[in-house]
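Asks: work-v7.cif is the file, holding mmCIF, C-alpha atoms:
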```
data_upload
#
loop_
_atom_site.label_atom_id
_atom_site.label_comp_id
_atom_site.auth_asym_id
_atom_site.auth_seq_id
_atom_site.Cartn_x
_atom_site.Cartn_y
_atom_site.Cartn_z
CA MET L 1 71.69 109.99 107.34
CA GLN L 2 71.93 113.47 105.88
CA GLU L 3 74.63 114.00 103.31
CA HIS L 4 75.92 117.53 103.33
CA SER L 5 77.58 117.36 99.97
CA ARG L 6 77.62 114.49 97.57
CA ALA L 7 78.56 114.33 93.94
CA GLN L 8 75.52 113.65 91.77
CA ASP L 9 76.52 110.32 90.33
CA GLY L 10 79.50 109.33 92.44
CA PRO L 11 82.61 108.06 90.74
CA LEU L 12 82.03 105.45 88.06
CA PRO L 13 83.62 102.01 87.93
CA TRP L 14 86.58 101.75 85.55
CA PRO L 15 85.96 99.34 82.65
CA LYS L 16 88.62 96.63 82.52
CA LEU L 17 90.17 96.33 79.07
CA GLY L 18 92.52 93.47 79.78
CA SER L 19 94.47 91.62 82.39
CA GLU L 20 97.89 90.03 82.49
CA ARG L 21 99.30 87.58 85.01
CA GLY L 22 102.24 89.03 86.97
CA PRO L 23 104.98 87.52 89.10
CA ASP L 24 104.49 85.29 92.13
CA LEU L 25 105.49 87.29 95.23
CA LEU L 26 105.36 84.43 97.80
CA VAL L 27 102.74 86.18 99.95
CA CYS L 28 100.58 87.18 96.98
CA ARG L 29 100.51 87.14 93.18
CA ALA L 30 100.67 90.25 91.04
CA ARG L 31 98.19 90.89 88.25
CA PHE L 32 98.35 93.82 85.85
CA ASP L 33 95.01 95.21 84.70
CA ARG L 34 94.41 97.68 81.88
CA LEU L 35 91.50 99.96 82.74
CA ARG L 36 89.89 103.03 81.23
CA ASN L 37 89.48 106.13 83.39
CA PRO L 38 85.82 107.09 82.86
CA ARG L 39 86.62 110.74 83.59
CA THR L 40 89.39 111.21 81.02
CA GLY L 41 88.96 108.22 78.70
CA GLU L 42 92.64 107.44 79.20
CA GLU L 43 93.84 103.87 79.46
CA MET L 44 95.85 103.07 82.58
CA LYS L 45 97.87 100.07 83.78
CA ARG L 46 97.27 99.15 87.40
CA VAL L 47 98.61 96.42 89.66
CA VAL L 48 96.46 94.14 91.77
CA LEU L 49 98.14 91.95 94.38
CA GLU L 50 95.93 88.86 94.55
CA THR L 51 96.04 87.85 98.20
CA ARG L 52 94.18 85.33 100.33
CA ASP L 53 92.07 86.72 103.15
CA TRP L 54 93.76 87.14 106.49
CA VAL L 55 92.57 86.80 110.07
CA ASN L 56 93.78 88.10 113.40
CA VAL L 57 92.71 87.44 116.97
CA VAL L 58 92.23 89.60 120.06
CA ALA L 59 92.69 86.79 122.59
CA LEU L 60 91.91 87.60 126.22
CA THR L 61 92.68 85.29 129.12
CA PRO L 62 90.24 84.81 132.03
CA ARG L 63 92.26 87.55 133.82
CA GLU L 64 91.69 89.96 130.89
CA GLU L 65 95.25 89.71 129.68
CA LEU L 66 96.01 89.99 125.95
CA VAL L 67 97.97 87.26 124.16
CA LEU L 68 100.74 88.80 122.03
CA VAL L 69 103.26 87.41 119.58
CA ARG L 70 106.76 88.73 118.99
CA GLN L 71 108.59 87.79 115.80
CA PHE L 72 111.09 89.10 113.29
CA ARG L 73 109.19 90.70 110.42
CA PHE L 74 110.84 90.71 107.02
CA GLY L 75 109.17 93.86 105.65
CA VAL L 76 110.37 96.18 108.40
CA GLY L 77 113.46 94.08 109.19
CA LYS L 78 112.95 94.00 112.94
CA VAL L 79 111.10 92.23 115.74
CA THR L 80 107.51 93.42 116.15
CA THR L 81 104.80 92.90 118.76
CA GLU L 82 101.44 91.87 117.33
CA ILE L 83 98.33 89.86 118.05
CA PRO L 84 98.30 86.37 116.51
CA GLY L 85 97.02 86.00 112.97
CA GLY L 86 97.74 84.72 109.51
CA VAL L 87 96.42 83.55 106.19
CA ILE L 88 93.11 81.71 105.85
CA ASP L 89 93.79 78.34 104.24
CA GLY L 90 91.80 77.18 101.26
CA ASP L 91 89.50 74.85 103.15
CA GLU L 92 88.87 77.06 106.17
CA ASP L 93 86.37 79.68 107.21
CA SER L 94 87.75 82.68 109.09
CA LEU L 95 86.80 81.26 112.51
CA ALA L 96 88.66 78.01 111.89
CA ALA L 97 91.68 80.01 110.70
CA ALA L 98 91.53 82.25 113.78
CA GLN L 99 91.35 79.23 116.10
CA ARG L 100 94.21 77.50 114.26
CA GLU L 101 96.46 80.57 114.25
CA LEU L 102 95.86 81.24 117.95
CA ARG L 103 96.73 77.62 118.77
CA GLU L 104 99.73 77.31 116.45
CA GLU L 105 101.28 80.70 117.22
CA THR L 106 100.55 80.93 120.95
CA GLY L 107 99.45 77.46 122.17
CA HIS L 108 96.18 78.99 123.39
CA THR L 109 92.62 77.80 122.90
CA ALA L 110 89.56 79.81 123.91
CA SER L 111 86.05 79.11 125.16
CA GLU L 112 84.22 81.98 123.44
CA TRP L 113 84.67 83.39 119.91
CA ILE L 114 83.05 86.62 118.74
CA TYR L 115 83.37 88.02 115.21
CA LEU L 116 84.54 91.64 115.20
CA GLY L 117 84.12 92.40 111.50
CA SER L 118 86.74 92.92 108.84
CA VAL L 119 88.71 95.57 106.96
CA GLU L 120 90.08 95.84 103.46
CA ALA L 121 93.84 95.25 103.70
CA ASN L 122 94.51 98.01 101.17
CA PRO L 123 91.82 98.48 98.53
CA ALA L 124 94.19 100.43 96.29
CA PHE L 125 96.07 97.28 95.29
CA HIS L 126 95.14 94.30 97.50
CA ASP L 127 91.94 92.36 96.79
CA ASN L 128 91.65 90.81 100.23
CA ARG L 129 90.26 91.50 103.68
CA CYS L 130 91.46 90.86 107.20
CA HIS L 131 88.84 89.35 109.54
CA HIS L 132 89.03 90.17 113.24
CA TRP L 133 88.01 87.76 115.99
CA LEU L 134 87.71 88.23 119.74
CA ALA L 135 88.59 85.09 121.74
CA ARG L 136 87.56 85.10 125.39
CA GLY L 137 88.70 82.67 128.06
CA ALA L 138 91.96 81.99 126.23
CA VAL L 139 94.24 79.58 128.09
CA ARG L 140 97.52 77.89 127.24
CA THR L 141 96.68 74.29 126.35
CA HIS L 142 99.14 73.34 123.59
CA GLU L 143 102.73 73.61 122.55
CA LEU L 144 103.48 76.10 119.79
CA GLU L 145 103.47 74.67 116.25
CA GLN L 146 105.90 76.88 114.36
CA ASP L 147 106.59 76.26 110.72
CA PRO L 148 110.14 76.54 109.39
CA GLY L 149 109.50 80.16 108.42
CA GLU L 150 108.64 81.25 111.96
CA ASP L 151 110.46 82.00 115.20
CA LEU L 152 107.84 83.24 117.63
CA CYS L 153 107.76 84.31 121.27
CA VAL L 154 104.49 84.57 123.16
CA GLU L 155 103.81 87.32 125.65
CA VAL L 156 100.71 87.62 127.85
CA VAL L 157 100.17 91.09 129.28
CA PRO L 158 97.43 93.03 131.07
CA PHE L 159 95.14 94.55 128.46
CA ALA L 160 95.89 98.10 129.66
CA ASP L 161 99.61 97.43 129.10
CA ALA L 162 98.89 96.33 125.54
CA LEU L 163 96.98 99.55 124.91
CA ALA L 164 99.90 101.54 126.32
CA ARG L 165 102.09 99.80 123.76
CA VAL L 166 99.76 100.93 120.99
CA ALA L 167 99.99 104.49 122.30
CA SER L 168 103.78 104.28 122.53
CA GLY L 169 104.06 102.90 119.00
CA GLU L 170 105.55 99.54 119.99
CA ILE L 171 102.43 97.85 118.61
CA ALA L 172 102.18 99.45 115.17
CA HIS L 173 100.87 96.89 112.65
CA SER L 174 97.89 98.56 110.97
CA LEU L 175 95.76 95.41 111.03
CA VAL L 176 96.48 94.87 114.72
CA VAL L 177 95.42 98.45 115.45
CA CYS L 178 92.21 97.87 113.45
CA ALA L 179 91.34 94.75 115.46
CA LEU L 180 92.09 96.39 118.81
CA ALA L 181 90.02 99.44 117.82
CA ARG L 182 86.95 97.16 117.76
CA VAL L 183 87.27 96.40 121.46
CA ALA L 184 89.19 99.35 122.94
CA ASP L 185 89.15 103.12 122.76
CA LEU L 186 92.46 103.99 121.05
CA ARG L 187 91.99 107.76 120.99
CA ARG L 188 95.10 109.73 121.74
CA ALA L 189 94.88 111.19 125.21
CA ASP L 190 97.18 114.08 124.31
CA LEU L 191 95.10 115.79 121.63
CA PRO L 192 94.56 119.49 122.20
CA GLY L 193 90.93 120.52 122.90
CA MET A 1 104.79 97.87 133.20
CA GLN A 2 104.64 94.34 134.55
CA GLU A 3 105.08 91.60 132.01
CA HIS A 4 103.19 88.49 132.98
CA SER A 5 105.03 86.14 130.68
CA ARG A 6 107.89 86.95 128.41
CA ALA A 7 110.33 84.73 126.59
CA GLN A 8 113.80 85.10 128.04
CA ASP A 9 115.57 86.51 125.05
CA GLY A 10 112.73 87.39 122.73
CA PRO A 11 112.95 86.34 119.11
CA LEU A 12 116.25 87.04 117.42
CA PRO A 13 116.75 89.02 114.21
CA TRP A 14 117.22 86.89 111.11
CA PRO A 15 120.64 87.32 109.48
CA LYS A 16 120.30 88.40 105.84
CA LEU A 17 122.36 86.18 103.54
CA GLY A 18 121.58 87.93 100.29
CA SER A 19 119.17 90.12 98.42
CA GLU A 20 117.89 90.18 94.87
CA ARG A 21 116.03 92.94 93.08
CA GLY A 22 112.50 91.93 92.08
CA PRO A 23 109.92 93.30 89.66
CA ASP A 24 108.56 96.84 89.61
CA LEU A 25 104.93 96.71 90.76
CA LEU A 26 103.95 100.35 89.97
CA VAL A 27 102.99 101.10 93.60
CA CYS A 28 106.09 99.46 95.04
CA ARG A 29 109.13 97.41 94.05
CA ALA A 30 109.67 93.80 95.08
CA ARG A 31 112.90 92.61 96.65
CA PHE A 32 113.69 89.01 97.52
CA ASP A 33 115.85 88.48 100.61
CA ARG A 34 117.51 85.26 101.69
CA LEU A 35 117.56 84.99 105.48
CA ARG A 36 118.50 82.38 108.03
CA ASN A 37 115.93 81.38 110.66
CA PRO A 38 117.89 81.62 113.94
CA ARG A 39 115.64 78.98 115.53
CA THR A 40 116.09 76.26 112.91
CA GLY A 41 119.17 77.36 110.97
CA GLU A 42 117.17 76.97 107.78
CA GLU A 43 117.59 79.41 104.91
CA MET A 44 114.36 81.06 103.73
CA LYS A 45 113.43 83.30 100.80
CA ARG A 46 111.21 86.20 101.73
CA VAL A 47 109.68 89.07 99.77
CA VAL A 48 109.90 92.71 100.77
CA LEU A 49 107.74 95.24 98.93
CA GLU A 50 109.79 98.44 98.99
CA THR A 51 107.20 101.18 99.33
CA ARG A 52 107.33 104.92 99.95
CA ASP A 53 105.69 106.13 103.15
CA TRP A 54 102.04 107.09 102.92
CA VAL A 55 99.96 109.74 104.63
CA ASN A 56 96.27 110.18 105.29
CA VAL A 57 94.22 113.02 106.72
CA VAL A 58 91.29 113.25 109.12
CA ALA A 59 90.03 116.63 107.89
CA LEU A 60 87.28 118.31 109.92
CA THR A 61 85.40 121.39 108.80
CA PRO A 62 84.53 124.19 111.25
CA ARG A 63 81.14 122.41 111.64
CA GLU A 64 82.91 119.17 112.65
CA GLU A 65 82.14 117.46 109.38
CA LEU A 66 84.58 114.94 107.93
CA VAL A 67 85.94 115.32 104.40
CA LEU A 68 85.68 112.02 102.50
CA VAL A 69 86.80 110.85 99.08
CA ARG A 70 85.04 108.31 96.90
CA GLN A 71 86.95 106.63 94.10
CA PHE A 72 87.22 103.39 92.16
CA ARG A 73 89.90 101.25 93.79
CA PHE A 74 91.73 98.77 91.59
CA GLY A 75 92.57 96.22 94.29
CA VAL A 76 89.00 95.57 95.36
CA GLY A 77 87.53 96.52 91.96
CA LYS A 78 84.87 98.84 93.32
CA VAL A 79 84.20 102.37 94.55
CA THR A 80 85.28 102.93 98.15
CA THR A 81 84.76 105.70 100.70
CA GLU A 82 87.97 106.85 102.39
CA ILE A 83 89.68 109.85 103.93
CA PRO A 84 92.11 111.65 101.60
CA GLY A 85 95.67 110.40 101.46
CA GLY A 86 98.48 109.22 99.26
CA VAL A 87 102.17 108.73 98.75
CA ILE A 88 104.75 111.08 100.29
CA ASP A 89 106.84 112.51 97.45
CA GLY A 90 110.61 112.39 97.58
CA ASP A 91 111.10 116.00 98.63
CA GLU A 92 108.27 116.23 101.14
CA ASP A 93 107.83 115.67 104.83
CA SER A 94 104.60 113.97 105.90
CA LEU A 95 102.88 117.27 106.79
CA ALA A 96 103.54 118.74 103.36
CA ALA A 97 102.25 115.55 101.76
CA ALA A 98 99.13 115.61 103.93
CA GLN A 99 98.43 119.23 103.02
CA ARG A 100 99.01 118.53 99.32
CA GLU A 101 96.83 115.42 99.24
CA LEU A 102 93.99 117.17 101.07
CA ARG A 103 94.14 120.07 98.61
CA GLU A 104 94.55 117.98 95.44
CA GLU A 105 91.99 115.31 96.28
CA THR A 106 89.35 117.46 98.00
CA GLY A 107 90.13 121.13 97.28
CA HIS A 108 90.31 121.79 101.03
CA THR A 109 92.92 123.63 103.05
CA ALA A 110 92.99 123.73 106.85
CA SER A 111 94.04 126.15 109.57
CA GLU A 112 95.34 123.65 112.13
CA TRP A 113 97.39 120.49 111.63
CA ILE A 114 98.03 117.94 114.38
CA TYR A 115 100.17 114.81 113.95
CA LEU A 116 98.32 111.67 115.03
CA GLY A 117 101.19 109.19 114.79
CA SER A 118 101.78 106.41 112.30
CA VAL A 119 101.34 102.70 111.71
CA GLU A 120 103.32 100.08 109.84
CA ALA A 121 101.43 99.38 106.61
CA ASN A 122 102.12 95.65 106.93
CA PRO A 123 105.42 94.76 108.63
CA ALA A 124 105.31 91.23 107.23
CA PHE A 125 106.24 92.42 103.75
CA HIS A 126 105.98 96.21 103.42
CA ASP A 127 108.84 98.38 104.68
CA ASN A 128 106.80 101.56 104.97
CA ARG A 129 104.55 103.43 107.37
CA CYS A 130 101.37 105.46 107.00
CA HIS A 131 101.38 108.79 108.85
CA HIS A 132 98.07 110.15 110.13
CA TRP A 133 97.26 113.85 110.34
CA LEU A 134 94.32 115.67 111.84
CA ALA A 135 93.36 118.86 109.95
CA ARG A 136 91.02 121.22 111.75
CA GLY A 137 89.16 124.14 110.23
CA ALA A 138 89.19 122.54 106.78
CA VAL A 139 87.38 124.59 104.15
CA ARG A 140 86.97 124.28 100.39
CA THR A 141 89.34 126.81 98.82
CA HIS A 142 90.60 125.14 95.62
CA GLU A 143 89.51 123.12 92.66
CA LEU A 144 90.44 119.45 92.70
CA GLU A 145 93.72 118.57 90.98
CA GLN A 146 93.22 115.03 89.80
CA ASP A 147 95.95 113.24 87.94
CA PRO A 148 95.10 111.05 84.94
CA GLY A 149 94.95 108.01 87.20
CA GLU A 150 92.22 109.44 89.41
CA ASP A 151 88.47 110.04 89.26
CA LEU A 152 87.46 111.36 92.66
CA CYS A 153 84.26 112.58 94.28
CA VAL A 154 84.34 114.57 97.50
CA GLU A 155 81.78 114.08 100.23
CA VAL A 156 81.52 116.15 103.42
CA VAL A 157 79.47 114.50 106.16
CA PRO A 158 78.79 114.97 109.87
CA PHE A 159 81.49 113.16 111.82
CA ALA A 160 78.93 110.88 113.51
CA ASP A 161 77.72 109.79 110.06
CA ALA A 162 81.27 108.90 109.05
CA LEU A 163 81.63 106.77 112.19
CA ALA A 164 78.35 105.04 111.36
CA ARG A 165 79.85 104.18 107.98
CA VAL A 166 82.82 102.59 109.70
CA ALA A 167 80.45 100.55 111.85
CA SER A 168 78.40 99.52 108.79
CA GLY A 169 81.53 98.51 106.88
CA GLU A 170 81.13 101.10 104.09
CA ILE A 171 84.40 102.69 105.26
CA ALA A 172 86.69 99.65 105.42
CA HIS A 173 90.23 100.66 104.37
CA SER A 174 92.49 99.48 107.19
CA LEU A 175 94.61 102.64 107.14
CA VAL A 176 91.52 104.85 107.27
CA VAL A 177 90.25 102.91 110.28
CA CYS A 178 93.66 103.34 111.96
CA ALA A 179 93.59 107.11 111.45
CA LEU A 180 90.00 107.47 112.67
CA ALA A 181 90.78 105.32 115.73
CA ARG A 182 93.19 108.07 116.86
CA VAL A 183 90.37 110.59 117.16
CA ALA A 184 87.21 108.51 117.69
CA ASP A 185 86.05 105.57 119.76
CA LEU A 186 85.41 102.83 117.17
CA ARG A 187 84.41 100.10 119.61
CA ARG A 188 81.55 97.93 118.45
CA ALA A 189 78.43 98.80 120.37
CA ASP A 190 77.00 95.32 119.92
CA LEU A 191 79.57 93.27 121.80
CA PRO A 192 78.13 90.94 124.42
CA GLY A 193 79.04 91.70 128.07
#
```
How does the structure come out when it is put into structure tokens?
Replies:
Amino acid sequence: MQEHSRAQDGPLPWPKLGSERGPDLLVCRARFDRLRNPRTGEEMKRVVLETRDWVNVVALTPREELVLVRQFRFGVGKVTTEIPGGVIDGDEDSLAAAQRELREETGHTASEWIYLGSVEANPAFHDNRCHHWLARGAVRTHELEQDPGEDLCVEVVPFADALARVASGEIAHSLVVCALARVADLRRADLPG
Amino acid sequence: MQEHSRAQDGPLPWPKLGSERGPDLLVCRARFDRLRNPRTGEEMKRVVLETRDWVNVVALTPREELVLVRQFRFGVGKVTTEIPGGVIDGDEDSLAAAQRELREETGHTASEWIYLGSVEANPAFHDNRCHHWLARGAVRTHELEQDPGEDLCVEVVPFADALARVASGEIAHSLVVCALARVADLRRADLPG
């Protein structure tokens, strides 16, 4: 791979001078690090939100429909449309978490599971990743298992309809878009030449 | 658009019973809301990270190269490869922020700017969006303007090489993947049938 322009040494890691435990934020825990900028020598305080890894699932039925979840989301204060997903528990690998979240949130189980890779949630201040799984042959086999903090509705739609909802902005969760981008072409059709 | 299965009423909004200011986290401010789950009637405490909107830029040179930024990221504790981007300042619209971030972080200015849409950063607990811009005809016209909290290196690479870095996982920031998915097909080539 030819690199057309690259800095000689690349940016250097920032030495960590200290670290201080921050508040518990329910979905993550804050930590405050003191680091030295290698370019300026200045000492900076930076936040890290210590967060468990997440998982989400592109679940397709035998008819190539996508399994969606609608729920009230506290950050944006409204009901969103997303693919199922959640936090990986301490004793799970990401596949087990994906299978559990699909079953609990949508009542579906699937015959084929394919790992789609992962992304960094937000490397600027989160330390975690979100792992994407493709579940094929997903069928409704269970009742939903909602915890007291959830109120979910399941929707099963033709895959093309789901992609239209990405284009329209109804499906807008960044991590959902990342997962769908592994299995579908999400390019905007309306870009000029 | 036909909906194959949809809950009758969809999930309901959660009434907010109260709200309490939380700690300042440097990149955002925490707020703790008390809400009532309409399904169970139970009262829940939930965190919202109040965060300014962000912007990022897919900047292409006249030779269809992509302008990348490498920097040490505090969340993941290592150097990452990303497209330029940052926080929208109070007096800016997202285009002005995109133009400023491209110039400050990479020294580039561009002749054509096309809005690519936006995503929700994480609707579960963030209240903000990230706006994506495509900048065409990007050329190096300025020196970098790094603030004391930054140590950036600029890299300009053929667009196909940048996509290979997404596939390899070197480019892994979820919001970068979302922006690139608007202009490139990021489907995995290795998926079975």
Asks: Name the residues that the PyMOL selection byres ((chain A and resi 95) around 12) picks from the file above, as a VMD selection string, using the file's chain letters and numbers.
Replies: chain A and resid 54 to 57 85 to 89 91 to 94 96 to 102 110 112 to 117 130 to 135
Asks: Using the chain letters and numbering of this document, enumerate as a short mmCIF file (atom, residue, chain, number, x, y, z; two decimals) with C-alpha atoms, in the frame of the given file the residues selected by the PyMOL selection byres ((chain L and resi 121) around 8).
Replies:
```cif
data_model
loop_
_atom_site.label_atom_id
_atom_site.label_comp_id
_atom_site.auth_asym_id
_atom_site.auth_seq_id
_atom_site.Cartn_x
_atom_site.Cartn_y
_atom_site.Cartn_z
CA VAL L 119 88.71 95.57 106.96
CA GLU L 120 90.08 95.84 103.46
CA ASN L 122 94.51 98.01 101.17
CA PRO L 123 91.82 98.48 98.53
CA HIS L 126 95.14 94.30 97.50
CA ASP L 127 91.94 92.36 96.79
CA ASN L 128 91.65 90.81 100.23
CA ARG L 129 90.26 91.50 103.68
CA CYS L 130 91.46 90.86 107.20
CA LEU L 175 95.76 95.41 111.03
CA HIS A 173 90.23 100.66 104.37
CA SER A 174 92.49 99.48 107.19
#
```
Asks: Show me the residues around (90.0, 114.5, 107.2) - criterion: an atom at most 7 Å away, only C-alpha atoms counted - as a list in words.
Replies: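 I get Val57, Val58, Ala59, Leu60, Leu66, Val67, Leu68, Ile83, Pro84, Leu134 and Ala135 of chain A for the residues within 7 Å of that point.
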Asks: Using all atoms listed in the file, which protein or nucleic acid residues come within 9 Å of segment 80-82 of chain L? Drop anything in the same chain fewer than 6 positions from it, and give the result as a list of chain:residue names.
Replies: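 Using all atoms listed in the file, the neighbours found are L:Val67, L:Leu68, L:Val69, L:Arg70, L:Gln71, L:Phe72, L:Arg73, L:Glu155, L:Arg165, L:Glu170, L:Ile171, L:Ala172, L:His173, L:Val176, A:Pro123.
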Asks: Could you name the residues that touch segment 30-37 of chain A at 7 Å or less, counting all atoms listed in the file, but leaving out those on the same chain fewer than 4 positions away, as a PyMOL selection string?
Replies: (chain L and resi 149) or (chain A and resi 14-24+41-50)
Asks: Determine the nearest neighbour of chain L from the options A:Gly107, A:Gly169, A:Gly90, A:Pro62, counting all atoms listed in the file.
Replies: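 Closest to chain L, using all atoms listed in the file: A:Gly169.
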Asks: Would you work out the distance separating atom CA of Thr141 of chain L from atom CA of Ala162 of chain L, expressed in Å to one decimal?
Replies: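 These two atoms are separated by 22.2 Å.
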Asks: Any idea what the distance is between atom CA of Ala184 of chain A and atom CA of Glu150 of chain A?
Replies: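 Computed distance, atom CA of Ala184 of chain A to atom CA of Glu150 of chain A, equals 28.7 Å.
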Asks: What does the distance between atom CA of Ser168 of chain A and atom CA of Leu191 of chain A come to in Å, to one decimal place?
Replies: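 Value for the atom CA of Ser168 of chain A-atom CA of Leu191 of chain A distance: 14.5 Å.
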Asks: Considering all atoms listed in the file, can you say which of L:Val154, L:His142, L:Asp147, L:Arg136 comes closest to Val183 of chain L?
Replies: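 Ranked by minimum distance to Val183 of chain L, first place goes to L:Arg136.
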Asks: When you count only C-alpha atoms, which of these residues is closest to Ala181 of chain A: A:Leu163, A:Ala138, A:Leu12, A:Val157?
Replies: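 So, comparing all the options, the nearest one is A:Leu163.
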